[in-house]
>>> print(open('target37.pdb').read())   # PDB, C-alpha atoms
ATOM      1  CA  MET A  23       0.000   0.000   0.000
ATOM      2  CA  THR A  24       1.152   3.526  -0.708
ATOM      3  CA  ARG A  25       0.923   6.391   1.786
ATOM      4  CA  GLU A  26      -1.776   7.979  -0.391
ATOM      5  CA  GLU A  27      -3.887   4.819  -0.263
ATOM      6  CA  ILE A  28      -3.492   4.629   3.498
ATOM      7  CA  ILE A  29      -4.416   8.275   4.034
ATOM      8  CA  ASN A  30      -7.540   7.867   1.887
ATOM      9  CA  GLU A  31      -8.666   4.825   3.873
ATOM     10  CA  LEU A  32      -7.752   6.506   7.144
ATOM     11  CA  LYS A  33     -10.417   9.111   6.414
ATOM     12  CA  ASN A  34     -13.030   6.350   6.717
ATOM     13  CA  VAL A  35     -11.476   5.081   9.943
ATOM     14  CA  VAL A  36     -11.577   8.456  11.702
ATOM     15  CA  ALA A  37     -14.846   9.697  10.125
ATOM     16  CA  PRO A  38     -17.169   8.205  12.802
ATOM     17  CA  TYR A  39     -15.290  10.086  15.530
ATOM     18  CA  THR A  40     -15.252  13.622  14.123
ATOM     19  CA  ASN A  41     -17.875  16.173  13.179
ATOM     20  CA  ASN A  42     -15.319  18.384  11.483
ATOM     21  CA  LYS A  43     -16.118  17.180   7.947
ATOM     22  CA  GLU A  44     -14.309  20.089   6.288
ATOM     23  CA  MET A  45     -11.039  19.268   8.046
ATOM     24  CA  LEU A  46     -11.628  15.566   7.345
ATOM     25  CA  ALA A  47     -11.983  16.244   3.620
ATOM     26  CA  GLY A  48      -8.654  18.064   3.583
ATOM     27  CA  LEU A  49      -6.836  15.536   5.756
ATOM     28  CA  ASN A  50      -3.042  15.816   5.463
ATOM     29  CA  ASP A  51       0.049  14.671   7.369
ATOM     30  CA  GLN A  52      -0.091  17.684   9.702
ATOM     31  CA  THR A  53      -3.740  17.227  10.705
ATOM     32  CA  ASP A  54      -3.845  16.698  14.480
ATOM     33  CA  LEU A  55      -6.464  14.180  15.603
ATOM     34  CA  ILE A  56      -7.438  16.106  18.732
ATOM     35  CA  ALA A  57      -6.620  19.756  17.994
ATOM     36  CA  ASP A  58      -7.824  19.816  14.359
ATOM     37  CA  LEU A  59     -10.379  17.028  14.002
ATOM     38  CA  LYS A  60     -11.701  17.658  17.559
ATOM     39  CA  ILE A  61     -11.710  13.944  18.251
ATOM     40  CA  ASN A  62     -12.237  13.254  21.935
ATOM     41  CA  SER A  63      -9.194  11.571  23.440
ATOM     42  CA  ALA A  64     -11.474   8.805  24.724
ATOM     43  CA  ASN A  65     -11.952   7.764  21.078
ATOM     44  CA  LEU A  66      -8.246   7.425  20.272
ATOM     45  CA  VAL A  67      -8.235   3.783  21.365
ATOM     46  CA  ASP A  68     -11.269   3.189  19.114
ATOM     47  CA  ILE A  69      -9.315   4.559  16.164
ATOM     48  CA  ILE A  70      -6.347   2.320  16.919
ATOM     49  CA  ILE A  71      -8.595  -0.761  17.226
ATOM     50  CA  ASP A  72     -10.441   0.167  14.011
ATOM     51  CA  ALA A  73      -7.130   0.700  12.186
ATOM     52  CA  GLU A  74      -5.893  -2.702  13.385
ATOM     53  CA  ALA A  75      -9.018  -4.333  11.966
ATOM     54  CA  LYS A  76      -8.976  -2.324   8.740
ATOM     55  CA  TYR A  77      -5.356  -3.088   7.863
ATOM     56  CA  ASN A  78      -5.137  -6.492   9.615
ATOM     57  CA  ILE A  79      -2.191  -5.353  11.711
ATOM     58  CA  GLU A  80      -1.344  -5.132  15.401
ATOM     59  CA  ILE A  81      -0.369  -1.746  16.779
ATOM     60  CA  ASP A  82       1.830  -2.096  19.863
ATOM     61  CA  TYR A  83       1.949   0.431  22.743
ATOM     62  CA  ASP A  84       5.040   2.264  21.527
ATOM     63  CA  SER A  85       3.618   2.665  18.024
ATOM     64  CA  ALA A  86       0.249   3.787  19.392
ATOM     65  CA  ASP A  87       2.005   6.520  21.392
ATOM     66  CA  LYS A  88       3.257   8.015  18.125
ATOM     67  CA  MET A  89      -0.189   8.249  16.528
ATOM     68  CA  ILE A  90      -0.910  11.886  17.306
ATOM     69  CA  ASN A  91      -1.378  13.342  13.852
ATOM     70  CA  VAL A  92      -2.327  11.872  10.496
ATOM     71  CA  GLY A  93       1.274  11.722   9.301
ATOM     72  CA  SER A  94       2.402   9.672  12.281
ATOM     73  CA  CYS A  95      -0.654   7.382  11.943
ATOM     74  CA  VAL A  96       0.194   6.775   8.290
ATOM     75  CA  ASP A  97       3.862   6.117   9.172
ATOM     76  CA  VAL A  98       2.882   3.472  11.738
ATOM     77  CA  ILE A  99       0.304   1.802   9.465
ATOM     78  CA  TYR A 100       2.605   1.915   6.411
ATOM     79  CA  ASP A 101       5.385   0.315   8.398
ATOM     80  CA  LYS A 102       3.168  -2.462   9.780
ATOM     81  CA  VAL A 103       1.356  -3.171   6.499
ATOM     82  CA  ASN A 104       4.510  -3.363   4.444
ATOM     83  CA  LYS A 105       6.297  -5.594   6.966
ATOM     84  CA  LYS A 106       3.605  -8.286   6.740
TER
ATOM     85  CA  MET B  70       4.464  20.884  42.657
ATOM     86  CA  LEU B  71       1.239  22.892  42.534
ATOM     87  CA  GLY B  72      -1.060  21.684  39.787
ATOM     88  CA  THR B  73      -4.259  19.934  38.894
ATOM     89  CA  GLY B  74      -5.615  17.605  36.236
ATOM     90  CA  ASN B  75      -9.117  16.298  35.704
ATOM     91  CA  ASP B  76     -11.133  14.265  33.251
ATOM     92  CA  ILE B  77     -14.722  13.200  32.718
ATOM     93  CA  VAL B  78     -16.175  10.248  30.830
ATOM     94  CA  ALA B  79     -19.861  10.375  29.904
ATOM     95  CA  LEU B  80     -21.151   6.830  30.281
ATOM     96  CA  ALA B  81     -23.818   7.327  27.606
ATOM     97  CA  ALA B  82     -21.020   7.784  25.062
ATOM     98  CA  ILE B  83     -18.985   4.673  25.792
ATOM     99  CA  ASP B  84     -19.293   1.406  23.941
ATOM    100  CA  ILE B  85     -19.690  -1.163  26.721
ATOM    101  CA  GLN B  86     -19.247  -4.218  24.496
ATOM    102  CA  ARG B  87     -16.070  -2.841  22.979
ATOM    103  CA  THR B  88     -14.708  -1.754  26.362
ATOM    104  CA  ARG B  89     -15.046  -5.356  27.594
ATOM    105  CA  GLN B  90     -12.856  -6.687  24.781
ATOM    106  CA  VAL B  91      -9.296  -7.550  25.813
ATOM    107  CA  LYS B  92      -7.890  -5.926  22.692
ATOM    108  CA  PHE B  93      -9.516  -2.654  23.810
ATOM    109  CA  TYR B  94      -8.816  -2.514  27.521
ATOM    110  CA  SER B  95      -5.292  -3.902  27.138
ATOM    111  CA  LYS B  96      -4.428  -0.652  25.337
ATOM    112  CA  ILE B  97      -5.472   1.312  28.437
ATOM    113  CA  LEU B  98      -4.700  -0.881  31.442
ATOM    114  CA  SER B  99      -1.189  -1.894  32.491
ATOM    115  CA  ALA B 100      -0.570  -5.540  33.355
ATOM    116  CA  PHE B 101      -0.811  -4.650  37.045
ATOM    117  CA  GLU B 102      -4.158  -2.901  36.545
ATOM    118  CA  GLN B 103      -5.491  -5.856  34.567
ATOM    119  CA  HIS B 104      -4.547  -7.994  37.560
ATOM    120  CA  LEU B 105      -6.378  -5.560  39.881
ATOM    121  CA  CYS B 106      -9.371  -5.758  37.592
ATOM    122  CA  VAL B 107      -9.400  -9.572  37.528
ATOM    123  CA  GLU B 108      -9.170  -9.724  41.328
ATOM    124  CA  ASN B 109     -12.065  -7.243  41.347
ATOM    125  CA  GLU B 110     -11.992  -6.494  45.057
ATOM    126  CA  LEU B 111     -13.762  -3.215  44.284
ATOM    127  CA  GLN B 112     -16.583  -5.139  42.609
ATOM    128  CA  LEU B 113     -16.780  -2.655  39.784
ATOM    129  CA  PRO B 114     -18.169  -3.626  36.391
ATOM    130  CA  LEU B 115     -15.267  -4.055  33.994
ATOM    131  CA  GLU B 116     -16.321  -1.076  31.883
ATOM    132  CA  ASN B 117     -16.423   1.191  34.949
ATOM    133  CA  PHE B 118     -12.968   0.032  36.021
ATOM    134  CA  VAL B 119     -11.554   0.654  32.541
ATOM    135  CA  TRP B 120     -13.023   4.161  32.241
ATOM    136  CA  LEU B 121     -12.119   5.024  35.817
ATOM    137  CA  ALA B 122      -8.537   4.101  34.938
ATOM    138  CA  TRP B 123      -8.734   6.093  31.711
ATOM    139  CA  SER B 124     -10.012   9.215  33.491
ATOM    140  CA  VAL B 125      -7.293   8.974  36.154
ATOM    141  CA  LYS B 126      -4.592   8.515  33.526
ATOM    142  CA  GLU B 127      -5.872  11.394  31.393
ATOM    143  CA  SER B 128      -5.953  13.567  34.536
ATOM    144  CA  VAL B 129      -2.347  12.641  35.343
ATOM    145  CA  TYR B 130      -1.337  13.463  31.793
ATOM    146  CA  LYS B 131      -2.991  16.888  32.009
ATOM    147  CA  PHE B 132      -1.330  17.540  35.371
ATOM    148  CA  LEU B 133       2.185  16.600  34.210
ATOM    149  CA  GLN B 134       1.940  18.105  30.743
ATOM    150  CA  LYS B 135       2.186  21.596  32.220
ATOM    151  CA  SER B 136       5.733  20.896  33.398
ATOM    152  CA  MET B 137       6.521  18.540  30.485
ATOM    153  CA  PRO B 138       5.042  20.119  27.339
ATOM    154  CA  ASP B 139       6.345  17.333  25.088
ATOM    155  CA  LEU B 140       4.819  14.567  27.188
ATOM    156  CA  VAL B 141       3.014  11.937  25.098
ATOM    157  CA  PHE B 142      -0.155  10.410  26.522
ATOM    158  CA  SER B 143       0.631   6.766  26.971
ATOM    159  CA  PRO B 144      -2.101   5.181  29.102
ATOM    160  CA  THR B 145      -0.364   1.899  29.915
ATOM    161  CA  LYS B 146       2.689   3.729  31.280
ATOM    162  CA  ILE B 147       0.667   5.684  33.851
ATOM    163  CA  ILE B 148      -0.011   3.028  36.478
ATOM    164  CA  ILE B 149      -2.620   2.997  39.231
ATOM    165  CA  THR B 150      -0.813   1.138  42.005
ATOM    166  CA  LYS B 151      -3.553   1.363  44.628
ATOM    167  CA  LEU B 152      -7.287   1.984  44.461
ATOM    168  CA  ASP B 153      -9.645   1.951  47.417
ATOM    169  CA  PRO B 154     -13.156   3.190  48.073
ATOM    170  CA  GLY B 155     -13.493   5.967  50.644
ATOM    171  CA  LEU B 156     -15.046   9.323  51.400
ATOM    172  CA  ASP B 157     -13.844  12.787  50.359
ATOM    173  CA  PHE B 158     -15.147  16.074  48.971
ATOM    174  CA  GLU B 159     -17.420  16.628  51.977
ATOM    175  CA  GLY B 160     -18.603  13.059  52.462
ATOM    176  CA  LYS B 161     -18.975  11.868  48.879
ATOM    177  CA  VAL B 162     -18.159   8.266  48.012
ATOM    178  CA  VAL B 163     -14.968   8.302  45.957
ATOM    179  CA  TYR B 164     -12.285   5.940  44.761
ATOM    180  CA  LYS B 165      -8.913   6.992  46.150
ATOM    181  CA  GLY B 166      -5.948   6.106  43.989
ATOM    182  CA  ILE B 167      -2.179   6.260  44.047
ATOM    183  CA  VAL B 168      -0.714   6.647  40.580
ATOM    184  CA  GLN B 169       2.849   6.231  39.345
ATOM    185  CA  TYR B 170       4.384   7.699  36.216
ATOM    186  CA  HIS B 171       8.114   6.951  36.136
ATOM    187  CA  SER B 172       9.450   8.700  39.281
ATOM    188  CA  TYR B 173       6.291  10.772  39.846
ATOM    189  CA  THR B 174       3.662   9.753  42.379
ATOM    190  CA  LEU B 175       0.246  11.393  42.196
ATOM    191  CA  TYR B 176      -3.009  10.876  44.052
ATOM    192  CA  SER B 177      -6.457  10.596  42.545
ATOM    193  CA  ARG B 178     -10.075  10.888  43.543
ATOM    194  CA  THR B 179     -12.787   9.451  41.291
ATOM    195  CA  ILE B 180     -16.533   9.775  41.507
ATOM    196  CA  ILE B 181     -18.604   7.145  39.692
ATOM    197  CA  ASP B 182     -22.050   8.542  38.999
ATOM    198  CA  LYS B 183     -24.759   6.692  37.066
ATOM    199  CA  ASP B 184     -24.121   9.057  34.131
ATOM    200  CA  TYR B 185     -20.403   9.857  34.312
ATOM    201  CA  ILE B 186     -17.021   9.026  35.778
ATOM    202  CA  PHE B 187     -15.085  12.051  37.006
ATOM    203  CA  SER B 188     -11.482  12.068  38.222
ATOM    204  CA  VAL B 189      -9.131  14.678  39.594
ATOM    205  CA  VAL B 190      -5.472  14.265  40.537
ATOM    206  CA  ASN B 191      -3.143  16.083  42.873
ATOM    207  CA  PHE B 192       0.487  15.827  43.960
ATOM    208  CA  SER B 193      -0.683  15.416  47.547
ATOM    209  CA  ASP B 194      -3.179  12.990  49.071
ATOM    210  CA  ASP B 195      -4.899  15.999  50.661
ATOM    211  CA  PHE B 196      -7.660  17.333  48.363
ATOM    212  CA  ARG B 197      -9.062  19.963  50.746
ATOM    213  CA  GLN B 198      -7.649  22.741  48.549
ATOM    214  CA  THR B 199      -8.965  21.174  45.344
ATOM    215  CA  SER B 200     -12.137  22.663  43.882
ATOM    216  CA  TRP B 201     -14.043  20.959  41.109
ATOM    217  CA  GLY B 202     -17.363  20.955  39.338
ATOM    218  CA  VAL B 203     -19.322  18.723  36.975
ATOM    219  CA  LYS B 204     -22.230  19.881  34.876
ATOM    220  CA  GLN B 205     -24.550  18.398  32.277
ATOM    221  CA  ILE B 206     -24.909  20.441  29.098
ATOM    222  CA  VAL B 207     -27.469  20.413  26.316
ATOM    223  CA  SER B 208     -25.219  19.682  23.331
ATOM    224  CA  SER B 209     -22.204  17.468  22.642
ATOM    225  CA  GLU B 210     -21.012  19.719  19.817
ATOM    226  CA  HIS B 211     -17.327  20.490  20.357
ATOM    227  CA  ALA B 212     -17.468  24.286  20.207
ATOM    228  CA  TYR B 213     -20.406  24.299  22.619
ATOM    229  CA  GLN B 214     -18.627  21.971  25.065
ATOM    230  CA  SER B 215     -15.575  24.189  24.971
ATOM    231  CA  SER B 216     -17.456  27.422  25.679
ATOM    232  CA  ALA B 217     -19.767  25.760  28.241
ATOM    233  CA  VAL B 218     -16.914  24.453  30.366
ATOM    234  CA  ARG B 219     -15.248  27.881  30.356
ATOM    235  CA  GLU B 220     -18.479  29.640  31.361
ATOM    236  CA  PHE B 221     -19.007  27.047  34.101
ATOM    237  CA  LEU B 222     -15.535  27.539  35.570
ATOM    238  CA  LEU B 223     -15.731  31.337  35.373
ATOM    239  CA  ALA B 224     -19.135  31.381  37.069
ATOM    240  CA  ASP B 225     -17.836  29.296  39.975
ATOM    241  CA  LEU B 226     -14.606  31.302  40.238
ATOM    242  CA  ASN B 227     -16.603  34.531  40.347
ATOM    243  CA  LYS B 228     -18.788  33.112  43.126
ATOM    244  CA  LEU B 229     -15.696  32.149  45.113
ATOM    245  CA  PHE B 230     -13.704  35.324  44.407
ATOM    246  CA  PRO B 231     -16.250  38.081  43.669
ATOM    247  CA  GLY B 232     -15.194  41.409  42.256
ATOM    248  CA  ASN B 233     -12.506  40.125  39.908
ATOM    249  CA  ASN B 234     -12.239  40.243  36.155
ATOM    250  CA  PHE B 235     -11.352  36.639  35.352
ATOM    251  CA  THR B 236     -10.874  35.300  31.852
ATOM    252  CA  ILE B 237      -9.526  31.987  30.565
ATOM    253  CA  ASP B 238      -6.712  31.774  28.067
ATOM    254  CA  LYS B 239      -4.952  28.824  26.471
ATOM    255  CA  SER B 240      -1.194  28.242  26.329
ATOM    256  CA  ARG B 241       0.449  27.439  23.013
ATOM    257  CA  HIS B 242       0.732  23.859  24.270
ATOM    258  CA  GLY B 243      -3.021  23.701  24.804
ATOM    259  CA  TRP B 244      -3.570  23.902  28.547
ATOM    260  CA  PRO B 245      -5.827  26.564  30.077
ATOM    261  CA  PHE B 246      -4.807  29.286  32.509
ATOM    262  CA  ILE B 247      -6.651  32.029  34.351
ATOM    263  CA  MET B 248      -6.129  35.735  33.788
ATOM    264  CA  ASN B 249      -7.329  38.508  36.061
ATOM    265  CA  ASP B 250      -7.376  41.943  34.419
ATOM    266  CA  ASN B 251      -5.373  40.406  31.553
ATOM    267  CA  LYS B 252      -2.622  39.181  33.857
ATOM    268  CA  GLU B 253      -2.022  35.466  34.441
ATOM    269  CA  ILE B 254      -2.628  34.344  38.010
ATOM    270  CA  PRO B 255      -1.001  31.309  39.693
ATOM    271  CA  LEU B 256      -4.158  29.216  39.929
ATOM    272  CA  PRO B 257      -3.725  25.843  38.207
ATOM    273  CA  VAL B 258      -6.888  24.813  36.367
ATOM    274  CA  SER B 259      -7.933  21.861  34.277
ATOM    275  CA  LEU B 260     -10.917  21.532  31.942
ATOM    276  CA  ALA B 261     -12.610  18.429  30.580
ATOM    277  CA  HIS B 262     -15.586  17.638  28.409
ATOM    278  CA  HIS B 263     -17.096  14.501  26.988
ATOM    279  CA  HIS B 264     -20.436  14.172  25.240
ATOM    280  CA  CYS B 265     -23.006  16.106  27.341
ATOM    281  CA  TYR B 266     -20.830  16.622  30.414
ATOM    282  CA  VAL B 267     -18.249  19.255  31.283
ATOM    283  CA  ALA B 268     -15.973  19.428  34.324
ATOM    284  CA  TYR B 269     -13.228  21.558  35.812
ATOM    285  CA  SER B 270     -10.776  21.454  38.694
ATOM    286  CA  PHE B 271      -8.510  24.046  40.247
ATOM    287  CA  GLN B 272      -5.974  23.882  43.030
ATOM    288  CA  LEU B 273      -5.941  26.706  45.544
ATOM    289  CA  LYS B 274      -2.605  25.885  47.240
TER
END
>>> encode(input="target37.pdb", output="structure tokens")
Amino acid sequence: MTREEIINELKNVVAPYTNNKEMLAGLNDQTDLIADLKINSANLVDIIIDAEAKYNIEIDYDSADKMINVGSCVDVIYDKVNKK
Amino acid sequence: MLGTGNDIVALAAIDIQRTRQVKFYSKILSAFEQHLCVENELQLPLENFVWLAWSVKESVYKFLQKSMPDLVFSPTKIIITKLDPGLDFEGKVVYKGIVQYHSYTLYSRTIIDKDYIFSVVNFSDDFRQTSWGVKQIVSSEHAYQSSAVREFLLADLNKLFPGNNFTIDKSRHGWPFIMNDNKEIPLPVSLAHHHCYVAYSFQLK
């Protein structure tokens, strides 16, 4: 999978947890999940679990810690997907 | 270290079935906390234990972030080492916790209501100088939550310290602070919102 493919699919993963549809449409590496998409921190674990299911990967604690913005989420997913 | 951190979880907004899945709660609870949960001496439903732990950990993160702006929220690394039921906040039933994050030890108080779980943390086990409030609001829309929690805190501050001109500002790292006549005052505050609940805490001394 390319980074572009991952970022496009990631929009569907985070969509249920944000009402900021404008920011979601323009998702980029710098988009912060909490500050920009206004996702409640209590939903961050949901996003990690949903991403694990979507990409059939396991995201360990240290990787999950890095998933603060879209760019870091894509980095983690890209790394896990392409190591399978 | 003078500070405060709080968090609230609205129980109407949690997914109970998902919370009960190992793959979910193992991303929040440390191995020790999972052991505490299995022993279940507190006789809490699993979902309440998990979200109690979450709210304590989030509170600790908010407390420490003010002295460590680059701190990353890593729930499994903030460990509740002790949790007991007790009374505090003028006779309310609370869960009293001791929490460890690396070399830091903090103390927590958690209220489990039928509609929410609210936690506040302090560097001391004495919460007599900790003020807090929880309020239900009419909308879960983010901008409304944000303004409602600020209005709530300001209203209570003005009741406690009448005759001032308090406002709330936000640091570039994202935490709130109180201004009086446009000058920051040394009153640590913490704000939280989730779904239709908002909460604050502040530490007087």
>>> closest_residue(input="target37.pdb", among="A:Ala86, A:Ile70, A:Ala47, A:Ile79", to="Ile29 (chain A)", atoms="all atoms listed in the file")
A:Ala47
>>> resolve_selection(input="target37.pdb", expression="the ChimeraX specification (/B :<12) & /A", output="ChimeraX atom specification")
/A:39-42,56-72,74-75,80-90
>>> residues_around(input="target37.pdb", residues="region 247-254 of chain B", least_positions_apart="6", cutoff="7 Å", atoms="all atoms listed in the file", output="ChimeraX atom specification")
/B:233-238
>>> atom_distance(input="target37.pdb", atom1="CA of Leu113 (chain B)", atom2="CA of Ser193 (chain B)")
25.4 Å
>>> atom_distance(input="target37.pdb", atom1="CA of Gln169 (chain B)", atom2="CA of Phe187 (chain B)")
19.0 Å
>>> closest_residue(input="target37.pdb", among="B:Leu229, B:Val168, B:Ile181, B:Leu222", to="Val125 (chain B)", atoms="all atoms listed in the file")
B:Val168
>>> atom_distance(input="target37.pdb", atom1="CA of Leu256 (chain B)", atom2="CA of Leu156 (chain B)")
25.4 Å
>>> residues_around(input="target37.pdb", residues="Thr73 (chain B)", least_positions_apart="5", cutoff="10 Å", atoms="all atoms listed in the file", output="number ranges by chain")
B: 128-129, 131-133, 135, 189-192, 199-200, 256-260, 269-273
>>> resolve_selection(input="target37.pdb", expression="the PyMOL selection byres ((chain A and resi 106) around 12)", output="MDAnalysis selection string")
chainID A and resid 23 77:80 99:105
>>> write_last_selection(input="target37.pdb", atoms="C-alpha atoms", output="mmCIF file, in the coordinates of the input")
data_model
loop_
_atom_site.group_PDB
_atom_site.id
_atom_site.type_symbol
_atom_site.label_atom_id
_atom_site.label_comp_id
_atom_site.auth_asym_id
_atom_site.auth_seq_id
_atom_site.Cartn_x
_atom_site.Cartn_y
_atom_site.Cartn_z
ATOM 1 C CA MET A 23 0.000 0.000 0.000
ATOM 2 C CA TYR A 77 -5.356 -3.088 7.863
ATOM 3 C CA ASN A 78 -5.137 -6.492 9.615
ATOM 4 C CA ILE A 79 -2.191 -5.353 11.711
ATOM 5 C CA GLU A 80 -1.344 -5.132 15.401
ATOM 6 C CA ILE A 99 0.304 1.802 9.465
ATOM 7 C CA TYR A 100 2.605 1.915 6.411
ATOM 8 C CA ASP A 101 5.385 0.315 8.398
ATOM 9 C CA LYS A 102 3.168 -2.462 9.780
ATOM 10 C CA VAL A 103 1.356 -3.171 6.499
ATOM 11 C CA ASN A 104 4.510 -3.363 4.444
ATOM 12 C CA LYS A 105 6.297 -5.594 6.966
#
